[in-house]
Each structure stands twice: as structure tokens, then as C-alpha cells.
Amino acid sequence: MVKHPKYLAMDDARQDVIPIAFKEFCSDDYKLNRNDPYISKNSEDRPIGPRPRPTFEVVNKENKRIAIFYPNGYSECFDKSFWGFFDKIVQRIEEAANSALEEYERRI
């Protein structure tokens, strides 16, 4: 099943702003890894449905995963010491998604 265009616009906005919000709020103690999905070049092997999107994983200096962000709006924090940064990033991501939704609704 394909997502409604307004949700695709929100996902696009989240995907774009996740790295920006990470840079805005995090120190050099953390690194953001973008994990792109594997997409087969063979059209018969491609899944039907929403387009595959990357995930964004935050790791600390020991390369331990401490948080993950998805463009669909889901996110999870695995380390209490990162919670302050995490809240700010999530808030910034959702502001971008809501702005994209408002822009989409203005256009229709």
C-alpha cells in the first residue's frame, strides 16, 4: 500500500531534518550514521509500497548505538545520558514534519 502524499511530504521533511537537527543539538561526543536501505536494481525484486527510506543511528565514542531515528516519525533512545539531546532532536523533527504538512495542505 502506498502512503498518502501528505504523509510522504512529512516523511521527506523528517528525513531531511534529522541530520540537521543532530548537528544543531549534539556535541562531538556523538556520531550520526545514515543507513540506506538496500534497493535491488531488478524491478521484479523491489517491494511494492512506500519507498524504502534510510534509518539514522546515533552512536557514542565507543560506537555503541544510543538512539535511532526513522523518517516515519518513530524514534527510540537507548541511553539516559542522551535523553536531553534526544528530546530536542525529536521536537525539531516533528516541527519540520508539521510544517511540511501545513505546506501540503495549503497547496491543495
# chains A, B, ... in the order shown; residues from 1 in each chain; ligands from 1
>>> residues_around(residues="Gln15 in chain A", least_positions_apart="5", cutoff="10 Å", atoms="only C-alpha atoms", output="list in words")
Ala9, Met10, Ile20, Arg53, Pro54, Thr55, Phe56, Phe69, Tyr70, Pro71, Asn72, Gly73, Ile93, Ala96 and Ala97 of chain A
>>> residues_around(residues="Asp87 in chain A", least_positions_apart="4", cutoff="12 Å", atoms="only C-alpha atoms", output="list in words")
Ala21, Phe22, Phe25, Cys26, Ala67, Phe69, Ser75, Glu76, Cys77, Lys80, Ser81, Phe82, Trp83, Gln91, Arg92, Ile93 and Glu94 of chain A
>>> select_by_dssp(residues="chain A", states="helix (DSSP H, G or I)", output="ChimeraX atom specification")
/A:5-25,43-45,80-107
>>> write_last_selection(atoms="N, CA and C atoms", output="short mmCIF file (atom, residue, chain, number, x, y, z; two decimals), in the first residue's frame")
data_model
loop_
_atom_site.label_atom_id
_atom_site.label_comp_id
_atom_site.auth_asym_id
_atom_site.auth_seq_id
_atom_site.Cartn_x
_atom_site.Cartn_y
_atom_site.Cartn_z
N PRO A 5 0.07 11.27 -0.17
CA PRO A 5 1.11 12.28 -0.42
C PRO A 5 1.40 13.20 0.76
N LYS A 6 0.40 13.47 1.60
CA LYS A 6 0.68 14.35 2.74
C LYS A 6 1.64 13.67 3.73
N TYR A 7 1.52 12.35 3.87
CA TYR A 7 2.42 11.62 4.77
C TYR A 7 3.80 11.47 4.14
N LEU A 8 3.84 11.34 2.82
CA LEU A 8 5.14 11.31 2.13
C LEU A 8 5.86 12.64 2.32
N ALA A 9 5.13 13.75 2.26
CA ALA A 9 5.74 15.06 2.47
C ALA A 9 6.31 15.17 3.89
N MET A 10 5.59 14.66 4.86
CA MET A 10 6.07 14.68 6.24
C MET A 10 7.31 13.81 6.39
N ASP A 11 7.30 12.63 5.79
CA ASP A 11 8.46 11.74 5.85
C ASP A 11 9.68 12.37 5.18
N ASP A 12 9.45 13.03 4.03
CA ASP A 12 10.55 13.73 3.34
C ASP A 12 11.17 14.79 4.24
N ALA A 13 10.31 15.55 4.90
CA ALA A 13 10.80 16.62 5.78
C ALA A 13 11.59 16.05 6.94
N ARG A 14 11.09 14.99 7.54
CA ARG A 14 11.82 14.35 8.65
C ARG A 14 13.17 13.84 8.19
N GLN A 15 13.17 13.17 7.04
CA GLN A 15 14.41 12.61 6.51
C GLN A 15 15.45 13.70 6.27
N ASP A 16 15.00 14.84 5.79
CA ASP A 16 15.92 15.96 5.52
C ASP A 16 16.43 16.61 6.81
N VAL A 17 15.58 16.71 7.82
CA VAL A 17 15.95 17.48 9.01
C VAL A 17 16.68 16.66 10.08
N ILE A 18 16.59 15.36 10.03
CA ILE A 18 17.26 14.55 11.07
C ILE A 18 18.75 14.89 11.15
N PRO A 19 19.51 14.87 10.03
CA PRO A 19 20.93 15.22 10.16
C PRO A 19 21.17 16.67 10.58
N ILE A 20 20.30 17.56 10.16
CA ILE A 20 20.43 18.98 10.52
C ILE A 20 20.21 19.16 12.01
N ALA A 21 19.15 18.53 12.55
CA ALA A 21 18.86 18.63 13.98
C ALA A 21 19.97 17.99 14.81
N PHE A 22 20.51 16.88 14.33
CA PHE A 22 21.61 16.24 15.04
C PHE A 22 22.79 17.20 15.16
N LYS A 23 23.18 17.83 14.06
CA LYS A 23 24.30 18.78 14.08
C LYS A 23 24.00 19.98 14.98
N GLU A 24 22.75 20.39 14.97
CA GLU A 24 22.32 21.56 15.74
C GLU A 24 22.43 21.34 17.25
N PHE A 25 22.10 20.15 17.71
CA PHE A 25 21.98 19.90 19.14
C PHE A 25 23.07 19.03 19.77
N SER A 43 13.69 -4.77 -11.08
CA SER A 43 12.37 -4.25 -10.72
C SER A 43 11.44 -5.34 -10.16
N GLU A 44 11.67 -6.59 -10.51
CA GLU A 44 10.83 -7.67 -10.00
C GLU A 44 11.08 -7.93 -8.52
N ASP A 45 12.26 -7.56 -8.02
CA ASP A 45 12.61 -7.80 -6.62
C ASP A 45 12.23 -6.64 -5.71
N LYS A 80 20.13 6.93 28.78
CA LYS A 80 19.57 8.05 29.54
C LYS A 80 20.41 9.33 29.43
N SER A 81 21.71 9.18 29.27
CA SER A 81 22.57 10.37 29.19
C SER A 81 22.33 11.17 27.91
N PHE A 82 21.72 10.57 26.92
CA PHE A 82 21.45 11.24 25.65
C PHE A 82 20.04 11.84 25.60
N TRP A 83 19.25 11.59 26.61
CA TRP A 83 17.84 11.96 26.60
C TRP A 83 17.60 13.45 26.33
N GLY A 84 18.40 14.33 26.89
CA GLY A 84 18.22 15.77 26.66
C GLY A 84 18.39 16.14 25.20
N PHE A 85 19.42 15.63 24.56
CA PHE A 85 19.63 15.85 23.13
C PHE A 85 18.49 15.22 22.33
N PHE A 86 18.13 14.01 22.71
CA PHE A 86 17.10 13.25 22.01
C PHE A 86 15.78 14.03 21.96
N ASP A 87 15.35 14.55 23.09
CA ASP A 87 14.09 15.32 23.15
C ASP A 87 14.13 16.52 22.20
N LYS A 88 15.24 17.23 22.19
CA LYS A 88 15.37 18.41 21.33
C LYS A 88 15.33 18.02 19.86
N ILE A 89 16.00 16.93 19.51
CA ILE A 89 16.01 16.47 18.13
C ILE A 89 14.62 16.04 17.69
N VAL A 90 13.94 15.26 18.52
CA VAL A 90 12.59 14.80 18.19
C VAL A 90 11.65 15.99 18.00
N GLN A 91 11.75 16.98 18.87
CA GLN A 91 10.91 18.16 18.76
C GLN A 91 11.17 18.88 17.43
N ARG A 92 12.43 19.03 17.07
CA ARG A 92 12.80 19.70 15.81
C ARG A 92 12.31 18.90 14.60
N ILE A 93 12.40 17.58 14.67
CA ILE A 93 11.93 16.71 13.58
C ILE A 93 10.43 16.87 13.39
N GLU A 94 9.69 16.87 14.48
CA GLU A 94 8.23 16.97 14.37
C GLU A 94 7.79 18.37 13.93
N GLU A 95 8.54 19.39 14.30
CA GLU A 95 8.24 20.74 13.80
C GLU A 95 8.38 20.78 12.28
N ALA A 96 9.43 20.15 11.76
CA ALA A 96 9.63 20.11 10.32
C ALA A 96 8.51 19.32 9.63
N ALA A 97 8.12 18.20 10.22
CA ALA A 97 7.04 17.38 9.65
C ALA A 97 5.72 18.14 9.63
N ASN A 98 5.42 18.84 10.72
CA ASN A 98 4.17 19.62 10.77
C ASN A 98 4.19 20.78 9.79
N SER A 99 5.34 21.40 9.61
CA SER A 99 5.46 22.48 8.62
C SER A 99 5.23 21.93 7.21
N ALA A 100 5.77 20.76 6.94
CA ALA A 100 5.57 20.13 5.62
C ALA A 100 4.11 19.79 5.39
N LEU A 101 3.44 19.32 6.43
CA LEU A 101 2.01 19.01 6.33
C LEU A 101 1.21 20.28 6.06
N GLU A 102 1.51 21.34 6.79
CA GLU A 102 0.80 22.61 6.58
C GLU A 102 1.02 23.12 5.16
N GLU A 103 2.25 23.01 4.66
CA GLU A 103 2.56 23.43 3.29
C GLU A 103 1.79 22.59 2.29
N TYR A 104 1.74 21.31 2.51
CA TYR A 104 0.99 20.42 1.62
C TYR A 104 -0.49 20.81 1.61
N GLU A 105 -1.06 21.05 2.77
CA GLU A 105 -2.48 21.39 2.85
C GLU A 105 -2.79 22.75 2.24
N ARG A 106 -1.84 23.67 2.26
CA ARG A 106 -2.04 24.98 1.61
C ARG A 106 -2.11 24.82 0.09
N ARG A 107 -1.37 23.86 -0.42
CA ARG A 107 -1.30 23.66 -1.87
C ARG A 107 -2.53 23.01 -2.46
#
>>> closest_residue(among="A:Arg51, A:Asp29, A:Asn42, A:Asp36", to="Ile66 in chain A", atoms="only C-alpha atoms")
A:Asp29
>>> residues_around(residues="Arg65 in chain A", least_positions_apart="5", cutoff="12 Å", atoms="only C-alpha atoms", output="PyMOL selection string")
chain A and resi 30-33+56-60+76-79+82
>>> closest_residue(among="A:Glu62, A:Ile68, A:Val2, A:Pro52", to="Arg34 in chain A", atoms="only C-alpha atoms")
A:Ile68
>>> select_by_dssp(residues="range 5-46 of chain A", states="strand (DSSP E or B)", output="ChimeraX atom specification")
/A:30-35
>>> decode(residues="range 44-74 of chain A", atoms="C-alpha atoms", output="JSON list (two decimals), in the first residue's frame")
[["chain", "number", "residue", "atom", "x", "y", "z"],
["A", 44, "GLU", "CA", 10.83, -7.67, -10.00],
["A", 45, "ASP", "CA", 12.61, -7.80, -6.62],
["A", 46, "ARG", "CA", 11.54, -4.34, -5.46],
["A", 47, "PRO", "CA", 8.87, -4.25, -2.78],
["A", 48, "ILE", "CA", 5.50, -2.73, -3.58],
["A", 49, "GLY", "CA", 4.53, 0.02, -1.20],
["A", 50, "PRO", "CA", 6.14, 3.08, 0.36],
["A", 51, "ARG", "CA", 9.60, 3.83, -0.88],
["A", 52, "PRO", "CA", 12.37, 2.47, 1.30],
["A", 53, "ARG", "CA", 13.96, 5.14, 3.49],
["A", 54, "PRO", "CA", 17.18, 5.33, 5.46],
["A", 55, "THR", "CA", 17.44, 4.99, 9.20],
["A", 56, "PHE", "CA", 19.61, 7.30, 11.28],
["A", 57, "GLU", "CA", 21.58, 5.78, 14.13],
["A", 58, "VAL", "CA", 23.36, 7.78, 16.84],
["A", 59, "VAL", "CA", 26.47, 6.19, 18.30],
["A", 60, "ASN", "CA", 28.80, 7.35, 21.05],
["A", 61, "LYS", "CA", 32.61, 7.37, 21.03],
["A", 62, "GLU", "CA", 32.65, 3.66, 21.88],
["A", 63, "ASN", "CA", 30.50, 3.07, 18.76],
["A", 64, "LYS", "CA", 27.57, 1.93, 20.93],
["A", 65, "ARG", "CA", 24.13, 2.69, 19.48],
["A", 66, "ILE", "CA", 22.36, 5.10, 21.79],
["A", 67, "ALA", "CA", 19.43, 6.29, 19.66],
["A", 68, "ILE", "CA", 17.73, 5.68, 16.34],
["A", 69, "PHE", "CA", 15.51, 7.88, 14.18],
["A", 70, "TYR", "CA", 13.22, 6.85, 11.33],
["A", 71, "PRO", "CA", 11.71, 9.21, 8.74],
["A", 72, "ASN", "CA", 8.23, 7.89, 9.56],
["A", 73, "GLY", "CA", 8.37, 9.66, 12.92],
["A", 74, "TYR", "CA", 9.37, 6.74, 15.12]]
